[in-house]
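All remarks here apply to the structure that follows.
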Amino acid sequence: MEIDGKVIIVTGASGGIGLATARLLGLRGARVVLAARNENALRSAAAEIPGSLAVRTDMREAQSIRALVERTVEQFGRVDCLVNNAGQDFTAPVEAIDSGDFRSILELNLIGALQAMQAVIPIMRRQGSGSIVNVSSGTTKMILTGSAGYSSSKAALNHLSLVAREELAPDGIAVSLIYPYITETDLEKNAIGADEHSTAGPPLGIPPADPPEKVAEAILRLIESGDAELSLVPGRG
């Protein structure tokens, strides 16, 4: 897919990977739709990305997701790409995983992404083309203590995406997965359980965290290529 002129929805666009991706896509000429819950951050992002549209969206609410897509079509007449980036970390050993917290993580990391896909698929099918990039996690390629709740939500997203890729290929819709490595964002700071549970974490001597701009560039490559997967985890490509 050529980026210039395309209408691209980026969820979780108020900061981190989402904001870096929105900025890069805007520089490449895309008409970017910024979706997140933080209205002030969305307004700031929209002010710096020419031609963008900011839509406050709660990815845990189906109606909010539908309203995001409807507003996009109302403004631009189409949806060419969805970048499912919104997500939250969850830190707890398996024996301490609270079922309510786990359901909340699944609602955002998995079900929200599914509902966003379901909202754009009919539009892309009518257009005869489209791209969906689901942002997974490098934790699904590693065994990290304390990460089970988060990584299992992303592992489910992986399989959902790979099956959807096969189902939607005949419609000209490419579904892709990106596996970021540890990234310089507030994901860990804002994790559920970050204050209650300490974990061993990744081993010493691992490569330093990636800047979000590196992940944004990888997402751009996936949109352009339509490849199935791209991993930024060192040694786990």
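Just remember, in the structure tokens the first chain shown is A, the second B, etc., residues are 1-based per chain, and ligands are 1-based in the order shown.
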Check: Near Gln115 of chain A, counting only C-alpha atoms, which residues have an atom at most 9 Å away, once you skip same-chain residues fewer than 3 positions from it, shown as a ChimeraX atom specification?
Finding: /A:59,62,65-66,110-112,118-120
Notebook entry, point to check: In segment 13-226 of chain A, what's alpha helix (DSSP H) per DSSP? Answer as an NGL selection string?
Noted result: :A and (16-27 or 39-48 or 62-76 or 99-106 or 113-127 or 148-168 or 212-225)
Take the residues from that selection and write them out as a compact mmCIF listing (two decimals), in the first residue's frame, keeping C-alpha atoms.
```
# COMPACT_ATOMS: atom_id res chain seq x y z
CA GLY A 16 4.37 6.33 22.77
CA ILE A 17 4.24 4.05 19.73
CA GLY A 18 0.85 5.35 18.62
CA LEU A 19 1.89 9.00 18.55
CA ALA A 20 5.22 8.21 16.86
CA THR A 21 3.36 6.19 14.22
CA ALA A 22 0.79 8.92 13.63
CA ARG A 23 3.54 11.52 13.21
CA LEU A 24 5.44 9.36 10.73
CA LEU A 25 2.33 8.53 8.69
CA GLY A 26 1.41 12.20 8.62
CA LEU A 27 4.86 13.08 7.30
CA GLU A 39 -8.55 14.46 24.82
CA ASN A 40 -5.86 17.01 25.67
CA ALA A 41 -3.10 14.81 24.30
CA LEU A 42 -5.17 14.10 21.19
CA ARG A 43 -5.68 17.81 20.52
CA SER A 44 -1.96 18.44 20.88
CA ALA A 45 -1.15 15.61 18.49
CA ALA A 46 -3.71 16.76 15.93
CA ALA A 47 -2.29 20.28 16.04
CA GLU A 48 1.10 19.04 14.90
CA ALA A 62 -17.95 -1.19 21.39
CA GLN A 63 -20.09 1.90 20.75
CA SER A 64 -17.08 4.17 21.08
CA ILE A 65 -15.19 2.07 18.52
CA ARG A 66 -18.11 2.16 16.09
CA ALA A 67 -18.37 5.93 16.52
CA LEU A 68 -14.65 6.26 15.71
CA VAL A 69 -15.05 4.42 12.42
CA GLU A 70 -18.27 6.23 11.54
CA ARG A 71 -16.62 9.61 12.20
CA THR A 72 -13.67 8.60 10.00
CA VAL A 73 -15.93 7.66 7.08
CA GLU A 74 -17.99 10.81 7.57
CA GLN A 75 -14.85 12.94 7.39
CA PHE A 76 -12.82 11.12 4.73
CA SER A 99 -9.61 -12.14 37.36
CA GLY A 100 -11.22 -8.70 37.21
CA ASP A 101 -7.95 -7.05 36.18
CA PHE A 102 -7.35 -9.82 33.65
CA ARG A 103 -10.80 -9.27 32.09
CA SER A 104 -10.02 -5.56 31.83
CA ILE A 105 -6.76 -6.29 30.01
CA LEU A 106 -8.48 -8.73 27.66
CA ALA A 113 -8.74 -4.85 18.77
CA LEU A 114 -11.21 -7.45 17.46
CA GLN A 115 -14.11 -5.01 17.53
CA ALA A 116 -12.07 -2.40 15.68
CA MET A 117 -11.23 -4.98 13.02
CA GLN A 118 -14.89 -5.95 12.73
CA ALA A 119 -15.84 -2.28 12.31
CA VAL A 120 -13.45 -1.62 9.39
CA ILE A 121 -13.59 -4.96 7.54
CA PRO A 122 -16.91 -4.31 5.73
CA ILE A 123 -15.64 -0.91 4.59
CA MET A 124 -12.35 -2.31 3.33
CA ARG A 125 -14.16 -5.18 1.62
CA ARG A 126 -16.35 -2.74 -0.31
CA GLN A 127 -13.25 -0.78 -1.28
CA ALA A 148 1.62 -13.90 31.90
CA GLY A 149 -1.54 -11.79 32.02
CA TYR A 150 -0.25 -9.28 29.49
CA SER A 151 1.60 -11.65 27.18
CA SER A 152 -1.30 -14.13 27.04
CA SER A 153 -3.65 -11.35 25.91
CA LYS A 154 -1.19 -10.49 23.15
CA ALA A 155 -0.62 -14.15 22.26
CA ALA A 156 -4.36 -14.49 21.69
CA LEU A 157 -4.19 -11.40 19.46
CA ASN A 158 -1.43 -13.09 17.47
CA HIS A 159 -3.54 -16.10 16.58
CA LEU A 160 -6.62 -13.99 15.94
CA SER A 161 -4.58 -11.91 13.49
CA LEU A 162 -3.01 -14.84 11.65
CA VAL A 163 -6.38 -16.52 11.13
CA ALA A 164 -7.94 -13.24 10.03
CA ARG A 165 -5.11 -12.81 7.53
CA GLU A 166 -6.08 -16.06 5.81
CA GLU A 167 -9.79 -15.28 5.92
CA LEU A 168 -9.47 -11.74 4.54
CA PRO A 212 9.03 4.46 19.71
CA GLU A 213 10.11 5.90 16.37
CA LYS A 214 11.81 2.59 15.53
CA VAL A 215 8.54 0.74 16.05
CA ALA A 216 6.70 3.36 13.98
CA GLU A 217 9.08 2.79 11.08
CA ALA A 218 8.47 -0.96 11.32
CA ILE A 219 4.70 -0.42 11.30
CA LEU A 220 5.10 1.73 8.19
CA ARG A 221 7.05 -1.07 6.50
CA LEU A 222 4.27 -3.56 7.30
CA ILE A 223 1.59 -1.27 5.87
CA GLU A 224 3.62 -0.83 2.70
CA SER A 225 4.57 -4.49 2.30
```
Which of segment 115-235 of chain A end up as strand (DSSP E) when DSSP is run on this backbone - answer as a compact mmCIF listing (two decimals) with N, CA and C atoms, in the first residue's frame?
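Saved result, out-v4.txt, follows:
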```
# COMPACT_ATOMS: atom_id res chain seq x y z
N GLY A 130 -7.33 -3.02 1.77
CA GLY A 130 -7.19 -2.48 3.12
C GLY A 130 -6.02 -3.13 3.83
N SER A 131 -5.62 -2.52 4.92
CA SER A 131 -4.51 -3.03 5.73
C SER A 131 -4.87 -2.89 7.19
N ILE A 132 -4.60 -3.95 7.96
CA ILE A 132 -4.77 -3.92 9.41
C ILE A 132 -3.46 -4.36 10.03
N VAL A 133 -2.89 -3.51 10.89
CA VAL A 133 -1.66 -3.86 11.60
C VAL A 133 -1.99 -3.93 13.08
N ASN A 134 -1.86 -5.11 13.65
CA ASN A 134 -2.10 -5.30 15.07
C ASN A 134 -0.77 -5.29 15.82
N VAL A 135 -0.69 -4.44 16.82
CA VAL A 135 0.55 -4.31 17.60
C VAL A 135 0.52 -5.34 18.72
N ILE A 173 -7.52 -7.62 1.75
CA ILE A 173 -7.21 -7.01 3.05
C ILE A 173 -6.03 -7.75 3.67
N ALA A 174 -4.95 -7.03 3.94
CA ALA A 174 -3.75 -7.62 4.54
C ALA A 174 -3.77 -7.39 6.05
N VAL A 175 -3.68 -8.45 6.83
CA VAL A 175 -3.61 -8.35 8.29
C VAL A 175 -2.19 -8.71 8.71
N SER A 176 -1.56 -7.81 9.46
CA SER A 176 -0.16 -7.98 9.83
C SER A 176 0.04 -7.82 11.33
N LEU A 177 1.13 -8.39 11.82
CA LEU A 177 1.49 -8.32 13.23
C LEU A 177 2.87 -7.71 13.40
N ILE A 178 3.00 -6.79 14.36
CA ILE A 178 4.31 -6.25 14.74
C ILE A 178 4.58 -6.65 16.18
N TYR A 179 5.82 -7.14 16.44
CA TYR A 179 6.23 -7.53 17.78
C TYR A 179 7.29 -6.55 18.27
N GLU A 229 4.19 -10.72 9.41
CA GLU A 229 4.76 -10.46 10.72
C GLU A 229 6.10 -9.75 10.61
N LEU A 230 6.42 -8.98 11.65
CA LEU A 230 7.72 -8.34 11.75
C LEU A 230 8.07 -8.24 13.23
N SER A 231 9.19 -8.85 13.61
CA SER A 231 9.61 -8.86 15.00
C SER A 231 10.82 -7.96 15.19
```
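Candidate residues A:Ile143, A:Ala96, A:Val7, A:Ala54 were compared for distance to Arg31 of chain A, and the nearest is A:Val7, using only C-alpha atoms.
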Next item on the list: Report the distance between atom CA of Ser136 of chain A and atom CA of Ala35 of chain A in Å, rounded to one decimal place.
Entry: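 Computing it gives 17.8 Å between the two atoms.
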What's around Asn38 of chain A at 10 Å? Count only C-alpha atoms, leave out sequence neighbours fewer than 4 positions away in its own chain, and write the answer as a compact mmCIF listing (two decimals) with C-alpha atoms, in the first residue's frame.
```txt
# COMPACT_ATOMS: atom_id res chain seq x y z
CA GLY A 12 -3.60 4.63 21.35
CA ALA A 13 -2.35 7.71 19.51
CA SER A 14 -1.95 10.02 22.50
CA GLY A 15 1.63 8.92 23.20
CA LEU A 42 -5.17 14.10 21.19
CA ARG A 43 -5.68 17.81 20.52
CA VAL A 55 -11.57 11.31 17.93
CA ARG A 56 -11.78 10.53 21.63
CA THR A 57 -12.23 6.76 21.83
CA ASP A 58 -12.45 4.20 24.60
```
Checklist line | Counting only C-alpha atoms, the residue of A:Glu184, A:Gly5, A:Val94, A:Gly87 that sits nearest Gly51 of chain A | finding: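 Closest residue, counting only C-alpha atoms: A:Gly5.
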